[in-house]
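Next comes data.txt, a file with compact mmCIF, C-alpha atoms and all ligand atoms.
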# COMPACT_ATOMS: atom_id res chain seq x y z
CA MET A 1 0.00 0.00 0.00
CA ASN A 2 1.43 3.33 -1.05
CA PHE A 3 -1.66 5.44 -0.39
CA ARG A 4 -2.53 4.16 3.09
CA PHE A 5 -5.25 5.35 5.41
CA LEU A 6 -7.23 4.38 8.46
CA SER A 7 -10.47 5.94 9.60
CA ALA A 8 -12.15 6.09 13.01
CA GLY A 9 -15.33 7.51 14.48
CA GLU A 10 -18.84 6.51 15.48
CA SER A 11 -21.99 7.61 13.67
CA HIS A 12 -23.12 9.73 16.66
CA GLY A 13 -19.68 10.36 18.16
CA PRO A 14 -18.03 13.77 18.16
CA GLN A 15 -16.23 13.37 14.84
CA LEU A 16 -14.88 11.16 12.06
CA THR A 17 -11.11 11.06 11.66
CA ALA A 18 -8.66 9.69 9.07
CA VAL A 19 -4.91 9.66 8.72
CA VAL A 20 -3.62 9.34 5.16
CA ASP A 21 0.00 8.36 4.66
CA GLY A 22 2.03 8.28 1.44
CA LEU A 23 0.90 11.46 -0.31
CA PRO A 24 3.68 13.17 -2.29
CA ALA A 25 4.55 16.74 -1.31
CA GLY A 26 3.26 19.59 -3.43
CA ILE A 27 -0.31 18.51 -4.24
CA PRO A 28 -2.49 21.64 -4.21
CA LEU A 29 -5.16 20.92 -1.57
CA THR A 30 -7.76 23.02 0.23
CA VAL A 31 -11.02 22.19 2.00
CA ASP A 32 -12.82 23.35 -1.16
CA ASP A 33 -11.43 20.28 -2.93
CA VAL A 34 -13.16 18.03 -0.39
CA ASP A 35 -16.35 19.73 0.83
CA PRO A 36 -18.25 19.52 -2.50
CA TRP A 37 -17.74 15.73 -2.39
CA LEU A 38 -19.16 15.59 1.13
CA GLU A 39 -22.14 17.62 -0.02
CA LYS A 40 -22.75 15.25 -2.93
CA ARG A 41 -22.60 12.24 -0.61
CA GLN A 42 -25.15 13.82 1.70
CA GLY A 43 -27.55 14.50 -1.14
CA GLY A 44 -29.84 12.37 -3.24
CA TYR A 45 -33.57 11.85 -3.10
CA GLY A 46 -34.65 9.37 -0.41
CA ARG A 47 -32.20 10.21 2.38
CA GLY A 48 -33.44 10.34 5.98
CA ARG A 49 -33.59 13.20 8.47
CA ARG A 50 -30.01 12.66 9.67
CA MET A 51 -28.64 14.20 6.49
CA ALA A 52 -30.73 17.31 7.12
CA ILE A 53 -28.92 17.73 10.46
CA GLU A 54 -25.39 17.22 9.18
CA ARG A 55 -23.57 19.82 7.10
CA ASP A 56 -20.34 17.94 6.50
CA ARG A 57 -17.16 20.01 6.31
CA VAL A 58 -13.60 18.74 6.45
CA ARG A 59 -10.76 20.16 8.52
CA PHE A 60 -7.10 19.33 7.97
CA LEU A 61 -5.12 18.89 11.19
CA SER A 62 -1.77 17.92 9.64
CA GLY A 63 0.06 17.29 6.38
CA VAL A 64 -0.94 20.41 4.47
CA ARG A 65 0.39 23.96 4.73
CA ALA A 66 -0.38 27.04 2.63
CA GLY A 67 -2.61 24.99 0.33
CA ARG A 68 -0.11 22.23 -0.52
CA THR A 69 0.60 18.79 0.89
CA THR A 70 3.93 18.57 2.70
CA GLY A 71 4.54 14.81 2.32
CA ALA A 72 3.72 14.28 6.02
CA PRO A 73 0.67 12.24 7.09
CA LEU A 74 -2.56 14.10 6.33
CA THR A 75 -5.12 14.13 9.16
CA LEU A 76 -8.73 14.86 8.22
CA VAL A 77 -11.61 15.53 10.58
CA ILE A 78 -15.37 15.81 10.00
CA GLU A 79 -17.44 16.87 12.98
CA ASN A 80 -20.82 15.22 13.60
CA ARG A 81 -23.30 18.01 14.28
CA ASP A 82 -25.79 15.47 15.62
CA TRP A 83 -23.36 14.58 18.43
CA LYS A 84 -24.68 17.41 20.57
CA ASN A 85 -27.95 15.45 20.83
CA TRP A 86 -26.08 12.26 21.75
CA GLN A 87 -23.33 13.40 24.12
CA GLU A 88 -24.73 11.59 27.12
CA ILE A 89 -25.53 8.40 25.19
CA MET A 90 -22.08 8.31 23.53
CA ASP A 91 -20.11 9.43 26.59
CA PRO A 92 -16.93 7.30 26.92
CA ALA A 93 -17.03 7.61 30.76
CA PRO A 94 -18.64 4.76 32.75
CA GLY A 95 -22.41 5.24 32.80
CA SER A 96 -25.63 3.84 34.19
CA GLU A 97 -27.29 0.54 33.21
CA PRO A 98 -29.63 0.13 31.42
CA ARG A 99 -28.29 2.53 28.85
CA LYS A 100 -30.40 5.16 27.13
CA ARG A 101 -31.35 4.44 23.50
CA ALA A 102 -30.10 0.86 23.89
CA LEU A 103 -30.99 -1.33 20.92
CA THR A 104 -31.79 -5.00 21.47
CA ALA A 105 -33.89 -6.03 18.42
CA PRO A 106 -31.32 -6.82 15.66
CA ARG A 107 -32.30 -5.72 12.14
CA PRO A 108 -32.26 -8.44 9.46
CA GLY A 109 -29.72 -7.33 6.83
CA HIS A 110 -27.67 -5.22 9.23
CA ALA A 111 -24.50 -5.92 11.24
CA ASP A 112 -26.42 -5.94 14.56
CA LEU A 113 -26.74 -9.67 15.29
CA SER A 114 -23.37 -10.96 14.03
CA GLY A 115 -21.58 -7.98 15.58
CA GLY A 116 -23.37 -8.50 18.90
CA ILE A 117 -22.45 -12.19 19.05
CA LYS A 118 -18.87 -11.54 17.93
CA TYR A 119 -18.08 -8.65 20.30
CA GLY A 120 -20.35 -9.75 23.15
CA HIS A 121 -22.58 -6.64 23.08
CA LYS A 122 -26.17 -6.78 24.31
CA ASP A 123 -26.68 -3.10 23.46
CA LEU A 124 -26.42 -3.37 19.69
CA ARG A 125 -25.72 0.35 19.46
CA ASP A 126 -22.11 -0.64 20.14
CA VAL A 127 -22.21 -2.40 16.75
CA LEU A 128 -24.35 -0.10 14.65
CA GLU A 129 -22.49 3.07 15.59
CA ARG A 130 -19.53 1.85 13.57
CA ALA A 131 -21.36 -0.36 11.03
CA SER A 132 -23.35 2.72 10.00
CA ALA A 133 -22.51 4.13 6.57
CA ARG A 134 -21.73 7.41 8.33
CA GLU A 135 -18.08 6.24 8.17
CA THR A 136 -18.23 6.58 4.39
CA ALA A 137 -18.30 10.38 4.81
CA MET A 138 -14.66 10.15 5.86
CA ARG A 139 -13.74 7.69 3.13
CA VAL A 140 -15.31 10.04 0.58
CA ALA A 141 -13.12 12.84 1.98
CA VAL A 142 -10.06 10.61 1.50
CA GLY A 143 -11.32 9.81 -2.01
CA ALA A 144 -11.55 13.53 -2.74
CA VAL A 145 -7.86 13.85 -1.87
CA ALA A 146 -7.11 10.89 -4.17
CA HIS A 147 -9.07 12.65 -6.91
CA LYS A 148 -6.95 15.75 -6.46
CA LEU A 149 -3.84 13.66 -7.12
CA LEU A 150 -5.44 11.90 -10.10
CA ALA A 151 -6.54 15.21 -11.62
CA GLU A 152 -2.90 16.36 -11.57
CA LEU A 153 -2.11 13.22 -13.60
CA GLY A 154 -4.83 13.91 -16.18
CA VAL A 155 -7.45 11.48 -14.84
CA GLU A 156 -11.13 12.43 -14.55
CA SER A 157 -14.12 10.53 -13.25
CA ALA A 158 -17.90 10.28 -13.06
CA GLY A 159 -20.33 8.49 -10.74
CA TYR A 160 -24.00 7.88 -11.50
CA VAL A 161 -27.01 5.60 -11.15
CA PRO A 162 -27.96 3.31 -14.06
CA ALA A 163 -30.87 1.75 -12.13
CA LEU A 164 -32.82 2.43 -8.92
CA GLY A 165 -35.57 0.33 -7.37
CA GLY A 166 -35.97 -1.62 -10.61
CA VAL A 167 -36.21 1.52 -12.80
CA VAL A 168 -33.56 1.31 -15.53
CA SER A 169 -32.04 4.35 -17.22
CA HIS A 170 -32.24 4.13 -21.02
CA VAL A 171 -29.90 7.04 -21.74
CA PRO A 172 -26.34 5.69 -22.05
CA PHE A 173 -23.66 7.55 -20.11
CA THR A 174 -21.57 10.16 -21.95
CA TRP A 175 -19.08 12.55 -20.39
CA GLU A 176 -21.22 15.46 -21.64
CA LEU A 177 -24.01 14.26 -19.33
CA ARG A 178 -22.00 14.89 -16.17
CA GLU A 179 -23.74 18.20 -15.46
CA ARG A 180 -27.16 16.59 -15.79
CA ILE A 181 -26.09 13.80 -13.43
CA GLU A 182 -24.88 16.33 -10.84
CA ALA A 183 -28.19 18.21 -11.11
CA SER A 184 -30.34 15.07 -10.89
CA PRO A 185 -31.73 14.25 -7.40
CA VAL A 186 -31.16 10.55 -8.20
CA ARG A 187 -27.94 11.02 -10.26
CA MET A 188 -29.49 9.48 -13.40
CA THR A 189 -28.79 10.28 -17.06
CA ASP A 190 -32.38 9.60 -18.15
CA PRO A 191 -35.04 12.25 -17.23
CA GLU A 192 -37.92 9.78 -17.66
CA ALA A 193 -36.30 7.13 -15.49
CA GLU A 194 -35.57 9.85 -12.92
CA VAL A 195 -39.27 10.76 -12.60
CA GLU A 196 -40.25 7.09 -12.22
CA ALA A 197 -37.45 6.41 -9.70
CA ILE A 198 -38.61 9.34 -7.55
CA ARG A 199 -42.18 8.04 -7.73
CA ARG A 200 -41.00 4.63 -6.52
CA ILE A 201 -38.98 6.17 -3.67
CA ASP A 202 -42.10 8.06 -2.53
CA ALA A 203 -44.16 4.86 -2.73
CA ALA A 204 -41.54 2.86 -0.80
CA LYS A 205 -41.44 5.54 1.88
CA ALA A 206 -45.23 5.53 2.22
CA ALA A 207 -45.14 1.73 2.57
CA GLY A 208 -42.34 1.83 5.18
CA ASP A 209 -40.10 0.02 2.69
CA THR A 210 -36.66 0.64 1.12
CA LEU A 211 -34.99 0.40 -2.32
CA GLY A 212 -31.64 -0.66 -3.78
CA GLY A 213 -30.10 -0.18 -7.21
CA ILE A 214 -27.04 -0.16 -9.44
CA LEU A 215 -24.13 2.33 -9.20
CA GLU A 216 -21.48 3.01 -11.81
CA ALA A 217 -18.17 4.86 -11.77
CA ARG A 218 -15.98 5.72 -14.76
CA PHE A 219 -12.43 6.97 -15.02
CA ARG A 220 -10.70 8.22 -18.15
CA GLY A 221 -7.14 9.32 -18.80
CA LEU A 222 -5.58 6.35 -16.98
CA VAL A 223 -2.22 5.06 -18.23
CA PRO A 224 -2.10 1.40 -19.29
CA GLY A 225 -0.29 -0.92 -16.90
CA LEU A 226 -1.59 0.11 -13.44
CA GLY A 227 -1.75 -3.03 -11.28
CA SER A 228 -0.03 -6.24 -12.38
CA HIS A 229 -0.68 -9.74 -13.70
CA VAL A 230 2.21 -11.30 -11.75
CA GLN A 231 0.72 -11.82 -8.28
CA TYR A 232 -2.86 -12.24 -7.03
CA ASP A 233 -2.76 -9.35 -4.60
CA ARG A 234 -1.34 -6.95 -7.19
CA LYS A 235 -4.19 -7.48 -9.67
CA LEU A 236 -6.01 -4.18 -9.94
CA ASP A 237 -9.43 -5.73 -10.59
CA GLY A 238 -9.11 -7.68 -7.31
CA ARG A 239 -8.04 -4.55 -5.44
CA ILE A 240 -10.93 -2.54 -6.86
CA ALA A 241 -13.40 -5.32 -6.01
CA GLN A 242 -12.22 -5.39 -2.39
CA MET A 243 -12.68 -1.66 -2.00
CA VAL A 244 -16.07 -1.63 -3.72
CA MET A 245 -17.39 -4.58 -1.70
CA SER A 246 -16.42 -2.72 1.48
CA ILE A 247 -19.08 -0.08 0.79
CA PRO A 248 -21.96 -0.84 3.19
CA ALA A 249 -24.85 -2.59 1.40
CA VAL A 250 -22.86 -3.34 -1.79
CA LYS A 251 -23.46 -7.01 -2.59
CA GLY A 252 -22.00 -7.34 -6.07
CA VAL A 253 -19.35 -5.76 -8.26
CA GLU A 254 -18.56 -5.98 -11.95
CA ILE A 255 -15.94 -4.55 -14.27
CA GLY A 256 -17.16 -3.68 -17.75
CA GLU A 257 -19.94 -5.88 -19.07
CA ALA A 258 -19.06 -8.83 -16.84
CA PHE A 259 -22.44 -10.42 -16.14
CA ALA A 260 -23.96 -9.75 -19.57
CA ALA A 261 -20.74 -10.92 -21.28
CA ALA A 262 -20.95 -14.25 -19.48
CA ALA A 263 -23.87 -15.17 -21.76
CA ARG A 264 -22.15 -14.25 -25.06
CA PRO A 265 -19.44 -15.98 -27.16
CA GLY A 266 -15.88 -14.63 -26.90
CA SER A 267 -16.01 -13.15 -30.41
CA GLU A 268 -18.73 -10.78 -29.14
CA VAL A 269 -17.01 -9.98 -25.87
CA HIS A 270 -13.32 -9.22 -26.37
CA ASP A 271 -12.19 -5.83 -27.64
CA ALA A 272 -10.17 -5.99 -30.87
CA ILE A 273 -6.80 -4.19 -30.75
CA TYR A 274 -5.91 -1.25 -33.04
CA ARG A 275 -2.98 1.13 -33.32
CA SER A 276 -2.52 4.49 -35.03
CA GLU A 277 0.26 7.07 -34.96
CA GLU A 278 -1.74 9.75 -33.19
CA ARG A 279 -3.77 7.55 -30.76
CA GLY A 280 -1.24 4.81 -30.09
CA TRP A 281 -2.89 1.56 -28.94
CA TYR A 282 -6.68 1.64 -28.70
CA ARG A 283 -9.92 -0.36 -28.87
CA ALA A 284 -13.10 0.40 -30.80
CA THR A 285 -15.20 -1.26 -28.08
CA ASN A 286 -14.69 -1.39 -24.30
CA ARG A 287 -16.60 -4.38 -23.00
CA ALA A 288 -13.68 -5.26 -20.73
CA GLY A 289 -14.21 -1.98 -18.87
CA GLY A 290 -10.57 -0.90 -19.11
CA LEU A 291 -8.97 -3.86 -17.31
CA GLU A 292 -7.21 -6.92 -18.73
CA GLY A 293 -4.91 -9.28 -16.84
CA GLY A 294 -5.23 -7.31 -13.61
CA MET A 295 -3.93 -4.15 -15.34
CA THR A 296 -5.48 -1.04 -16.82
CA ASN A 297 -5.34 -1.18 -20.64
CA GLY A 298 -5.66 2.56 -21.25
CA GLU A 299 -9.39 2.45 -22.03
CA GLU A 300 -12.04 3.93 -19.74
CA LEU A 301 -12.35 2.08 -16.43
CA VAL A 302 -15.97 1.05 -15.84
CA VAL A 303 -16.89 -0.26 -12.38
CA ARG A 304 -20.44 -1.18 -11.43
CA ALA A 305 -21.89 -2.30 -8.11
CA ALA A 306 -25.21 -3.64 -6.82
CA LEU A 307 -26.55 -1.95 -3.68
CA LYS A 308 -29.12 -3.87 -1.67
CA PRO A 309 -32.14 -2.05 -0.21
CA ILE A 310 -31.59 -0.38 3.19
CA ALA A 311 -31.95 -2.85 6.07
CA THR A 312 -33.86 -0.60 8.49
CA LEU A 313 -37.54 -0.87 7.62
CA MET A 314 -40.25 1.33 9.09
CA GLN A 315 -42.53 -1.71 8.65
CA PRO A 316 -40.00 -3.98 10.34
CA LEU A 317 -39.35 -7.68 9.69
CA PRO A 318 -39.56 -10.21 12.52
CA THR A 319 -36.51 -10.66 14.72
CA VAL A 320 -35.63 -11.94 18.20
CA ASP A 321 -34.67 -9.65 21.09
CA VAL A 322 -31.08 -10.40 22.19
CA VAL A 323 -31.86 -9.79 25.90
CA THR A 324 -35.30 -11.39 26.36
CA HIS A 325 -34.96 -13.94 23.50
CA GLU A 326 -38.62 -13.15 22.72
CA PRO A 327 -39.86 -12.51 19.16
CA ALA A 328 -39.77 -8.78 18.38
CA ASP A 329 -40.07 -6.23 15.60
CA ALA A 330 -36.67 -5.19 14.26
CA ALA A 331 -35.33 -1.86 15.53
CA ARG A 332 -36.34 1.32 13.69
CA GLU A 333 -33.32 3.58 13.95
CA ARG A 334 -33.81 6.80 11.93
CA SER A 335 -33.03 5.77 8.39
CA ASP A 336 -32.87 6.39 4.63
CA VAL A 337 -35.42 5.02 2.13
CA THR A 338 -32.66 4.60 -0.42
CA ALA A 339 -28.95 5.41 -0.46
CA VAL A 340 -28.34 4.60 -4.13
CA PRO A 341 -27.49 8.16 -5.35
CA ALA A 342 -25.12 8.74 -2.41
CA ALA A 343 -23.55 5.33 -2.91
CA SER A 344 -22.67 6.22 -6.52
CA VAL A 345 -20.63 9.14 -5.15
CA ILE A 346 -19.01 6.80 -2.61
CA LEU A 347 -18.15 4.32 -5.38
CA GLN A 348 -16.52 7.06 -7.46
CA ALA A 349 -14.55 8.36 -4.47
CA LEU A 350 -13.33 4.96 -3.27
CA VAL A 351 -12.22 3.62 -6.64
CA ALA A 352 -10.10 6.79 -6.91
CA ILE A 353 -8.24 5.74 -3.75
CA VAL A 354 -7.30 2.39 -5.35
CA LEU A 355 -6.17 4.18 -8.52
CA ALA A 356 -4.11 6.77 -6.63
CA ASP A 357 -2.47 3.91 -4.76
CA ALA A 358 -1.72 2.12 -8.06
CA TYR A 359 -0.13 5.28 -9.53
CA LEU A 360 2.07 5.74 -6.47
CA GLU A 361 3.03 2.07 -6.56
CA LYS A 362 4.06 2.20 -10.22
CA PHE A 363 5.68 5.62 -10.32
CA GLY A 364 6.60 6.53 -6.75
CA GLY A 365 8.02 10.00 -6.19
CA ASP A 366 8.24 12.13 -3.07
CA THR A 367 7.01 15.22 -4.86
CA LEU A 368 4.13 15.76 -7.26
CA GLU A 369 6.61 17.12 -9.80
CA GLU A 370 8.68 13.94 -9.70
CA LEU A 371 5.56 11.81 -10.07
CA LYS A 372 4.27 13.85 -13.01
CA GLU A 373 7.61 13.64 -14.84
CA ARG A 374 7.67 9.87 -14.46
CA VAL A 375 4.09 9.47 -15.65
CA ALA A 376 4.74 11.74 -18.67
CA ARG A 377 7.88 9.78 -19.66
CA TYR A 378 6.01 6.47 -19.36
CA GLN A 379 3.11 7.82 -21.44
CA GLU A 380 5.56 8.73 -24.25
CA ARG A 381 7.06 5.25 -24.13
CA ALA A 382 3.63 3.59 -24.12
CA LEU A 383 2.65 5.58 -27.24
CA GLU A 384 5.80 4.48 -29.09
CA TYR A 385 5.73 0.86 -27.94
C1 LIG A 401 -24.78 6.00 1.85
C2 LIG A 401 -25.37 4.86 2.62
C3 LIG A 401 -26.35 5.11 3.57
C4 LIG A 401 -26.93 4.08 4.29
N1 LIG A 401 -27.91 4.39 5.17
C5 LIG A 401 -28.50 3.38 5.86
C6 LIG A 401 -29.58 3.66 6.75
O1 LIG A 401 -30.02 4.80 6.90
N2 LIG A 401 -30.14 2.61 7.41
C7 LIG A 401 -29.70 1.32 7.25
O2 LIG A 401 -30.22 0.41 7.86
N3 LIG A 401 -28.68 1.03 6.42
C8 LIG A 401 -28.08 2.02 5.71
N4 LIG A 401 -27.05 1.72 4.85
C9 LIG A 401 -26.61 0.31 4.70
C10 LIG A 401 -25.95 -0.27 5.93
O3 LIG A 401 -24.90 0.55 6.41
C11 LIG A 401 -25.46 -1.71 5.67
O4 LIG A 401 -26.46 -2.44 5.03
C12 LIG A 401 -25.06 -2.40 6.95
O5 LIG A 401 -23.92 -1.76 7.50
C13 LIG A 401 -24.76 -3.90 6.80
O6 LIG A 401 -23.70 -4.15 5.94
P1 LIG A 401 -23.87 -4.93 4.55
O7 LIG A 401 -25.17 -4.49 3.96
O8 LIG A 401 -22.70 -4.51 3.71
O9 LIG A 401 -23.90 -6.41 4.83
C14 LIG A 401 -26.48 2.75 4.08
C15 LIG A 401 -25.49 2.48 3.14
C16 LIG A 401 -24.94 3.52 2.39
C17 LIG A 401 -23.90 3.21 1.36
Could you spell out this file's structure in structure tokens?
Ligand SMILES: Cc1cc2nc3c(=O)[nH]c(=O)nc-3n(C[C@H](O)[C@H](O)[C@H](O)COP(=O)(O)O)c2cc1C
Amino acid sequence: MNFRFLSAGESHGPQLTAVVDGLPAGIPLTVDDVDPWLEKRQGGYGRGRRMAIERDRVRFLSGVRAGRTTGAPLTLVIENRDWKNWQEIMDPAPGSEPRKRALTAPRPGHADLSGGIKYGHKDLRDVLERASARETAMRVAVGAVAHKLLAELGVESAGYVPALGGVVSHVPFTWELRERIEASPVRMTDPEAEVEAIRRIDAAKAAGDTLGGILEARFRGLVPGLGSHVQYDRKLDGRIAQMVMSIPAVKGVEIGEAFAAAARPGSEVHDAIYRSEERGWYRATNRAGGLEGGMTNGEELVVRAALKPIATLMQPLPTVDVVTHEPADAARERSDVTAVPAASVILQALVAIVLADAYLEKFGGDTLEELKERVARYQERALEY
């Protein structure tokens, strides 16, 4: 790992924190590079009341001075505004039993039951506070920093929603549609699908139900040869899949047309190779989604993920209370109806972390200038190859 980070913080604790290690010195970086990402993650039609309370803003506590990274570990902090309502409940000092807002009815589809058994908690809040997707706010902030590095290397990205609650977008993604995606409350390319998706979210909310969907992220401008074929843990597709599967509620991941391609013959799946003086090596199709042999091939990277519906239902499923062992209705912690639009932002941000790591692994460099020179030299060589 060259771009390393750890995050900490509970959903209703005072703050989320991350320390990022391995950033070259000299990357231009201000809070304005990060805060718009946090805003996008908070948005999307179908979010719960929590997101109306939070107004996520990042603070840098180390590793950046006068708007540039110094090469030292970067510490990021996001305060939880909601904490002021939870100070007593989240107080680290010894407190009274039974605890306030204790949660004993594990939600099917959430971390509550397995986490309770594993860590020996009978107040399942001790599980859900960290299992909550609130932690992704910090990972998106780290992804924003990764994006800043990638932008310096000529890489750009997009994140959007091809399907939500069974409503499929029929307008294929183009880079020109990015503004429409950013303006769409469900981050869809297709205005008709958007209207229907919103209708379904409203209906699910009225029924106390929740919705899942498909997320997609794209990256263009990547050099060929990030990752490697030589060892299992260096394969970039495997590294991307790990990161994507770590997004709460993601249950499937595909690169390019993976699942559809599985039904077609090879002649209709693989992307024929071409070369020209001005473009170098290229493909006319990109069904592989920019990855072959665990390495980028210079085409657009296309990563898709399936997000299951939110586990917390306002019309709860049956469960069993972990204290009384009596049948119960699953807990109804304040919750979203759907997190699909937000998750597409998370996908985009987190894949960027894997790519930034792959760039630093291949090219190294203690300063941005050094890194850029190495990438530029390699790009020339790749064109001539
Ligand atoms: C942006 C986002 C917001 C989420 N919000 C909620 C929520 O409000 N309520 C809930 O039960 N699950 C929510 N989830 C999903 C849970 O965090 C997740 O299902 C749970 O941690 C169990 O993990 P698993 O689904 O990966 O197995 C959200 C997920 C994402 C990506």
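Proximity to A:Ala311 at 10 Å, evaluated using all atoms listed in the file and with sequence-adjacent residues fewer than 5 positions away removed, yields A:Arg107, A:Pro108, A:Gly109, A:His110, A:Ala111, A:Asp209, A:Thr210, A:Leu211, A:Ala249, A:Pro316, A:Leu317, A:Ala330, A:Arg332, A:Ser335, A:Asp336, A:Val337, A:Thr338.
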Each residue of chain A with at least one atom at most 9 Å from ligand LIG 401 (chain A) should appear once, together with its nearest atom pair and the corresponding distance in Å (one decimal); atoms considered: only C-alpha atoms and all ligand atoms; ordering: chain, then increasing residue number; output as JSON lines.
{"residue": "A:Arg41", "atom": "CA", "partner": "A:LIG401", "partner_atom": "C1", "distance": 7.1}
{"residue": "A:Gln42", "atom": "CA", "partner": "A:LIG401", "partner_atom": "C1", "distance": 7.8}
{"residue": "A:Arg47", "atom": "CA", "partner": "A:LIG401", "partner_atom": "O1", "distance": 7.4}
{"residue": "A:Gly48", "atom": "CA", "partner": "A:LIG401", "partner_atom": "O1", "distance": 6.6}
{"residue": "A:Arg50", "atom": "CA", "partner": "A:LIG401", "partner_atom": "O1", "distance": 8.3}
{"residue": "A:Arg107", "atom": "CA", "partner": "A:LIG401", "partner_atom": "O2", "distance": 7.8}
{"residue": "A:Gly109", "atom": "CA", "partner": "A:LIG401", "partner_atom": "C13", "distance": 6.0}
{"residue": "A:His110", "atom": "CA", "partner": "A:LIG401", "partner_atom": "C13", "distance": 4.0}
{"residue": "A:Ala111", "atom": "CA", "partner": "A:LIG401", "partner_atom": "C13", "distance": 4.9}
{"residue": "A:Asp112", "atom": "CA", "partner": "A:LIG401", "partner_atom": "C13", "distance": 8.2}
{"residue": "A:Leu128", "atom": "CA", "partner": "A:LIG401", "partner_atom": "O5", "distance": 7.4}
{"residue": "A:Arg130", "atom": "CA", "partner": "A:LIG401", "partner_atom": "O5", "distance": 8.3}
{"residue": "A:Ala131", "atom": "CA", "partner": "A:LIG401", "partner_atom": "O5", "distance": 4.6}
{"residue": "A:Ser132", "atom": "CA", "partner": "A:LIG401", "partner_atom": "O3", "distance": 4.5}
{"residue": "A:Ala133", "atom": "CA", "partner": "A:LIG401", "partner_atom": "O3", "distance": 4.3}
{"residue": "A:Arg134", "atom": "CA", "partner": "A:LIG401", "partner_atom": "C3", "distance": 7.0}
{"residue": "A:Thr136", "atom": "CA", "partner": "A:LIG401", "partner_atom": "C1", "distance": 7.0}
{"residue": "A:Ala137", "atom": "CA", "partner": "A:LIG401", "partner_atom": "C1", "distance": 8.4}
{"residue": "A:Met245", "atom": "CA", "partner": "A:LIG401", "partner_atom": "O8", "distance": 7.6}
{"residue": "A:Ser246", "atom": "CA", "partner": "A:LIG401", "partner_atom": "O8", "distance": 6.9}
{"residue": "A:Ile247", "atom": "CA", "partner": "A:LIG401", "partner_atom": "C17", "distance": 5.9}
{"residue": "A:Pro248", "atom": "CA", "partner": "A:LIG401", "partner_atom": "O8", "distance": 3.8}
{"residue": "A:Ala249", "atom": "CA", "partner": "A:LIG401", "partner_atom": "O7", "distance": 3.2}
{"residue": "A:Val250", "atom": "CA", "partner": "A:LIG401", "partner_atom": "O8", "distance": 5.6}
{"residue": "A:Lys251", "atom": "CA", "partner": "A:LIG401", "partner_atom": "O8", "distance": 6.8}
{"residue": "A:Leu307", "atom": "CA", "partner": "A:LIG401", "partner_atom": "C17", "distance": 7.7}
{"residue": "A:Lys308", "atom": "CA", "partner": "A:LIG401", "partner_atom": "O7", "distance": 6.9}
{"residue": "A:Pro309", "atom": "CA", "partner": "A:LIG401", "partner_atom": "O4", "distance": 7.7}
{"residue": "A:Ile310", "atom": "CA", "partner": "A:LIG401", "partner_atom": "N3", "distance": 4.6}
{"residue": "A:Ala311", "atom": "CA", "partner": "A:LIG401", "partner_atom": "O2", "distance": 4.1}
{"residue": "A:Thr312", "atom": "CA", "partner": "A:LIG401", "partner_atom": "O2", "distance": 3.8}
{"residue": "A:Leu313", "atom": "CA", "partner": "A:LIG401", "partner_atom": "O2", "distance": 7.4}
{"residue": "A:Arg332", "atom": "CA", "partner": "A:LIG401", "partner_atom": "O2", "distance": 8.5}
{"residue": "A:Glu333", "atom": "CA", "partner": "A:LIG401", "partner_atom": "N2", "distance": 7.3}
{"residue": "A:Arg334", "atom": "CA", "partner": "A:LIG401", "partner_atom": "O1", "distance": 6.6}
{"residue": "A:Ser335", "atom": "CA", "partner": "A:LIG401", "partner_atom": "O1", "distance": 3.5}
{"residue": "A:Asp336", "atom": "CA", "partner": "A:LIG401", "partner_atom": "O1", "distance": 4.0}
{"residue": "A:Val337", "atom": "CA", "partner": "A:LIG401", "partner_atom": "O1", "distance": 7.2}
{"residue": "A:Thr338", "atom": "CA", "partner": "A:LIG401", "partner_atom": "N1", "distance": 7.3}
{"residue": "A:Ala339", "atom": "CA", "partner": "A:LIG401", "partner_atom": "C2", "distance": 4.8}
{"residue": "A:Val340", "atom": "CA", "partner": "A:LIG401", "partner_atom": "C1", "distance": 7.1}
{"residue": "A:Pro341", "atom": "CA", "partner": "A:LIG401", "partner_atom": "C1", "distance": 8.0}
{"residue": "A:Ala342", "atom": "CA", "partner": "A:LIG401", "partner_atom": "C1", "distance": 5.1}
{"residue": "A:Ala343", "atom": "CA", "partner": "A:LIG401", "partner_atom": "C17", "distance": 4.8}
{"residue": "A:Ser344", "atom": "CA", "partner": "A:LIG401", "partner_atom": "C17", "distance": 8.5}
{"residue": "A:Val345", "atom": "CA", "partner": "A:LIG401", "partner_atom": "C1", "distance": 8.7}
{"residue": "A:Ile346", "atom": "CA", "partner": "A:LIG401", "partner_atom": "C17", "distance": 7.2}
{"residue": "A:Leu347", "atom": "CA", "partner": "A:LIG401", "partner_atom": "C17", "distance": 8.9}
- Message: Would you pick out the contacts of A:Leu177 at 12 Å or less, using only C-alpha atoms, so that residues sharing its chain but fewer than 2 positions from it are not included, and give the list as a ChimeraX atom specification?
- Response: /A:158-160,171-175,179-184,187-191
- Item | Shell around A:Tyr274 at 8 Å using all atoms listed in the file, local window under 3 positions removed, as a ChimeraX atom specification | /A:281-284
- Would you mind telling me which residue in A:Asp233, A:Glu370, A:Asp35, A:Glu384 lies nearest to A:Met1 when using all atoms listed in the file?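 Result for the nearest residue to A:Met1: A:Asp233.
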- Item | atom CA of A:Ala204 to atom CA of A:Pro185, straight-line distance in Å | 16.4 Å
- Message: List the spatial neighbours of A:Thr285 as number ranges by chain - criterion: any atom at most 10 Å away, all atoms listed in the file, same-chain residues fewer than 2 positions off excluded.
- Response: A: 269-273, 282-283, 287-289, 299
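Here atom CA of A:Val302 stands at a distance of 10.9 Å from atom CA of A:Ile240.
When all atoms listed in the file are used to compute distances to A:Arg49, the closest of the residues A:Asp82, A:Asp237, A:Asp202, A:Pro92 turns out to be A:Asp82.
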